[in-house]
Amino acid sequence: MSMVCQRCQEAKATVHITDTLPEKREQHFCEDCAEKEGIISKQPHTTNEILQQFIKQKTGMEQGEGVACPKCGMTFREFQLKGQLGCPNDYAAFEELLMPLIERAHEGGTQHLGKVPLTADGVTKKIAGLVRLRRELQDAIDAENYEVAADVRDKIQNLEDS
Amino acid sequence: MNLDDLARSTGEWLRGVGAMSDVVVSSRIRLARNLADFPFLSTATGTERTEIYRSVTDAITSTGGHEGSLLVDVAGADDIDREILVERHLISRQHLSAEGSRGVAIAPDETSALMINEEDHLRIQALGSGLELESLWRVVTDLDDALGERLAFAFDRKLGFLTACPTNVGTGIRVSVMLHLPALKITKEIERVARAARDMRLAVRGMLGEGTDVTGDLYQISNQTTLGKSEPDIIEPFCKVIIPKIVEYERTAREALVKHNAMQLDDSIWRAYGTLANARRIGSEETQTLLSPIRMGIHLNRFDLLDIPALNELFLHTQPAHLQKLHGRLLDDNDRDEVRADRLRSRLAC
Ligand SMILES: [Zn+2]
Ligand SMILES: [Zn+2]
């Protein structure tokens with residue numbers, strides 16, 4: 001039995017919903033319409049959509065597609081097809097091509113502000129601490145909370161001197 | 001503990017307790033981690049996968065407090081056992097169908113599950129009933145610290161924890177909350193809520209049954225941004241703003257149903273009960289669809305033949321793999337529907 005989507009009346013209905021309240025009622029949508037109705041989110045994995053969008057909008061990137069990671073051999077083109085990187089070194093190997101994608105996927109975020117591994121070296125921990133404190137300082141200044149700002153500034157000073 | 005014992009129980013996240021548990025079924029936090037000295041799984045050889053599996057499982061078993069945990073070799077497990085793990089949300093469908101060495105280490109009460117060789121080398125997950133994100137964060141960050149002492153994770157000063165997919169890079173955190181939103185579905189406000197959540201860069205998904213149908217009015221909301229914010233800054237809006245707001249909408253919609261459509265509401269609850277308690281054959285999706293008004297009915301004190309833990313047990317035990325495991329043998333579709341109906345009748349008959 002093949003059913004037509006009740007919303008667009010065109011595509012084949014693949015999402016079927018049975019309501020029991022307020023009365024028993026069946027609804028049939030195609031995937032696109034089901035998503036527009038807020039019933040499903042199509043991509044179990046947002047990666048590919050972001051990737052596809054990115055690839056569509058970024059023409060003239062072809063020259064970079066052949067770049068390969070010297071460690072695992074993966075090319076940027078392969079990454080675009082799979083949505084998965086080949087090894088941790090790919091972030092460095094494809095930096096120029098990846099950063100715009102990363103920025104888009106993370107609401108403009110480009111600097112890690114979270115946990116640092118316990119085993120990280122002292123320099124890494126220090127840098128992470130400074131990044132976080134500078135962010136706190138900016139937040140305090142934005143909020144015109146000068147007492148807190150002065151406090152944070154002292155902490156930054158101490159960390160820089162350490 | 002083994003998988004047979006596991007299948008008979010319902011697990012911590014289905015206890016029906018915790019903050020806002022009338023709407024929030026469960027919460028989950030996961031962290032994605034990879035070993036610095038190995039390629040990601042997309043290019044790892046079979047031997048490398050096995051080495052990764054061995055390194056991570058060694059690290060897990062050497063951390064304290066791991067007594068009583070269950071380590072399941074997913075690659076070697078039979079189909080039903082793998083499906084059981086998916087139905088309990090301990091592993092993902094992707095992990096089930098992946099290739100090569102892989103597994104999951106499950107805490108005795110199912111409060112945590114460490115997936116090895118899924119999309120990343122390691123995914124540390126904590127699960128709980130109701131809205132309990134702060135305590136789940138403590139569980140995952142402690143596990144992360146303990147394992148991080150024994151394993152060198154791929155980490156970069158600028159990009160944080162390096163993950164197989166750049167959409168998880170940075171904190172590698174995924175916070176997700178499963179919500180039961182039957183009243184918003186009835187009043188059709190669900191679309192508006194879903195749109196608002198998506199505008200906030202959150203992912204909204206219906207919980208899918210065996211097919212593509214959304215079953216049981218269950219929705220999952222999760223973050224997508226993992227870089228440029230600290231973990232607490234990602235978690236806090238969930239507990240303080242987003243989820244409480246949606247819970248408030250759902251509660252208001254339920255109150256309106258009680259006030260203006262009480263007869264229809266009761267009719268649907270008791271018709272659902274009538275079918276579940278009397279059917280001779282019933283499918284898994286129909287079961288989940290019918291358990292939804294009953295779940296709401298229990299919370300609105302309009303149905304008292306079951307409590308939430310008992311309902312959750314039915315919810316889990318009527319799913320295909322659990323049903324077959326508890327029945328003790330493999331069943332074809334038709335037999336399954338009969339066994340499911342028998343199980344429901346024996347639990348629900350007055
Ligand atoms: Zn359509
Ligand atoms: Zn590489």
# chains A, B, ... in the order shown; residues from 1 in each chain; ligands from 1
$ residues_near_ligand --ligand "ligand 2" --cutoff "7 Å" --atoms "only C-alpha atoms and all ligand atoms" --output "list in words"
Cys69, Pro70, Lys71, Cys72, Gly73, Met74, Gly86, Cys87, Pro88, Asn89 and Asp90 of chain A; Pro39 of chain B
$ residues_around --residues "Thr141 of chain B" --least-positions-apart "2" --cutoff "12 Å" --atoms "only C-alpha atoms" --output "ChimeraX atom specification"
/A:114-118 /B:29-33,112,123-126,133-139,143-148,171-173,231-232
$ residues_near_ligand --ligand "ligand 1" --cutoff "8 Å" --atoms "only C-alpha atoms and all ligand atoms" --output "count of residues only"
16
$ interface_residues --of "chain B" --to "chain A" --cutoff "6 Å" --atoms "only C-alpha atoms" --output "list in words"
Pro39, Phe40, Ser42, Thr43, Lys158, Leu159, Gly160, Ala164, Cys165, Gly170, Thr171, Glu191, Ala194, Arg205, Gly206, Thr212, Asp213, Thr225, Leu227, Gly228, Lys229, Ser230 and Glu231 of chain B
$ select_by_dssp --residues "segment 99-173 of chain B" --states "strand (DSSP E or B)" --output "number ranges by chain"
B: 103-106, 112-116, 122-129, 153, 155-156, 160-161, 170, 173
$ write_last_selection --atoms "C-alpha atoms" --output "CSV table (one decimal), in the first residue's frame"
chain,number,residue,atom,x,y,z
B,103,GLY,CA,31.9,-3.4,23.4
B,104,VAL,CA,30.2,-1.7,26.3
B,105,ALA,CA,30.9,-1.6,30.0
B,106,ILE,CA,27.7,-1.2,32.0
B,112,SER,CA,26.7,4.6,33.3
B,113,ALA,CA,27.6,2.8,30.1
B,114,LEU,CA,31.0,3.1,28.4
B,115,MET,CA,30.8,2.4,24.6
B,116,ILE,CA,34.1,1.3,23.1
B,122,LEU,CA,35.3,5.8,23.8
B,123,ARG,CA,32.0,7.3,24.7
B,124,ILE,CA,31.4,7.8,28.4
B,125,GLN,CA,27.7,8.0,29.1
B,126,ALA,CA,25.7,8.6,32.3
B,127,LEU,CA,21.9,7.9,32.4
B,128,GLY,CA,19.3,8.9,34.9
B,129,SER,CA,15.6,9.2,35.5
B,153,PHE,CA,43.3,11.2,24.9
B,155,PHE,CA,43.6,16.8,22.8
B,156,ASP,CA,44.5,20.1,21.2
B,160,GLY,CA,40.0,20.6,22.8
B,161,PHE,CA,39.2,16.9,22.6
B,170,GLY,CA,36.0,20.5,21.9
B,173,ILE,CA,29.6,16.6,25.2
$ select_by_dssp --residues "segment 77-193 of chain B" --states "alpha helix (DSSP H)" --output "ChimeraX atom specification"
/B:79-87,93-97,133-148,182-186,190-193
$ residues_around --residues "segment 287-293 of chain B" --least-positions-apart "3" --cutoff "6 Å" --atoms "only C-alpha atoms" --output "short mmCIF file (atom, residue, chain, number, x, y, z; two decimals) with N, CA, C and O atoms, in the first residue's frame"
data_model
loop_
_atom_site.label_atom_id
_atom_site.label_comp_id
_atom_site.auth_asym_id
_atom_site.auth_seq_id
_atom_site.Cartn_x
_atom_site.Cartn_y
_atom_site.Cartn_z
N THR B 215 6.81 7.04 18.17
CA THR B 215 5.92 6.28 19.03
C THR B 215 5.91 6.83 20.44
O THR B 215 6.92 7.29 20.95
N GLY B 216 4.74 6.78 21.04
CA GLY B 216 4.61 7.08 22.45
C GLY B 216 4.80 8.53 22.84
O GLY B 216 5.03 8.82 24.01
N ILE B 269 -7.73 7.39 27.69
CA ILE B 269 -6.91 6.64 28.65
C ILE B 269 -7.50 5.25 28.86
O ILE B 269 -6.80 4.24 28.77
N ALA B 272 -7.38 2.98 25.83
CA ALA B 272 -6.03 2.44 25.67
C ALA B 272 -5.85 1.26 26.61
O ALA B 272 -5.35 0.20 26.22
N SER B 284 4.44 -3.98 18.74
CA SER B 284 5.25 -3.19 19.66
C SER B 284 4.91 -1.70 19.57
O SER B 284 4.80 -1.01 20.59
N MET B 296 0.30 9.50 30.85
CA MET B 296 -0.22 10.82 31.22
C MET B 296 -1.31 10.67 32.26
O MET B 296 -1.38 11.45 33.21
N GLY B 297 -2.18 9.66 32.09
CA GLY B 297 -3.27 9.43 33.03
C GLY B 297 -2.78 9.17 34.45
O GLY B 297 -3.37 9.65 35.42
#
$ residues_around --residues "segment 143-159 of chain A" --least-positions-apart "5" --cutoff "9 Å" --atoms "only C-alpha atoms" --output "number ranges by chain"
A: 126, 129-130, 133-134, 136-138
$ closest_residue --among "B:Ala197, B:Leu3, B:His180, B:Val17" --to "Ile80 of chain B" --atoms "only C-alpha atoms"
B:Leu3
$ residues_around --residues "Ala310 of chain B" --least-positions-apart "2" --cutoff "12 Å" --atoms "only C-alpha atoms" --output "VMD selection string"
chain B and resid 9 to 10 14 to 16 291 294 to 295 298 304 to 308 312 to 317 344 347 to 348
$ atom_distance --atom1 "atom CA of Ala36 of chain B" --atom2 "atom CA of Phe94 of chain A"
17.4 Å
$ atom_distance --atom1 "atom CA of Gly122 of chain A" --atom2 "atom CA of Arg157 of chain B"
11.6 Å
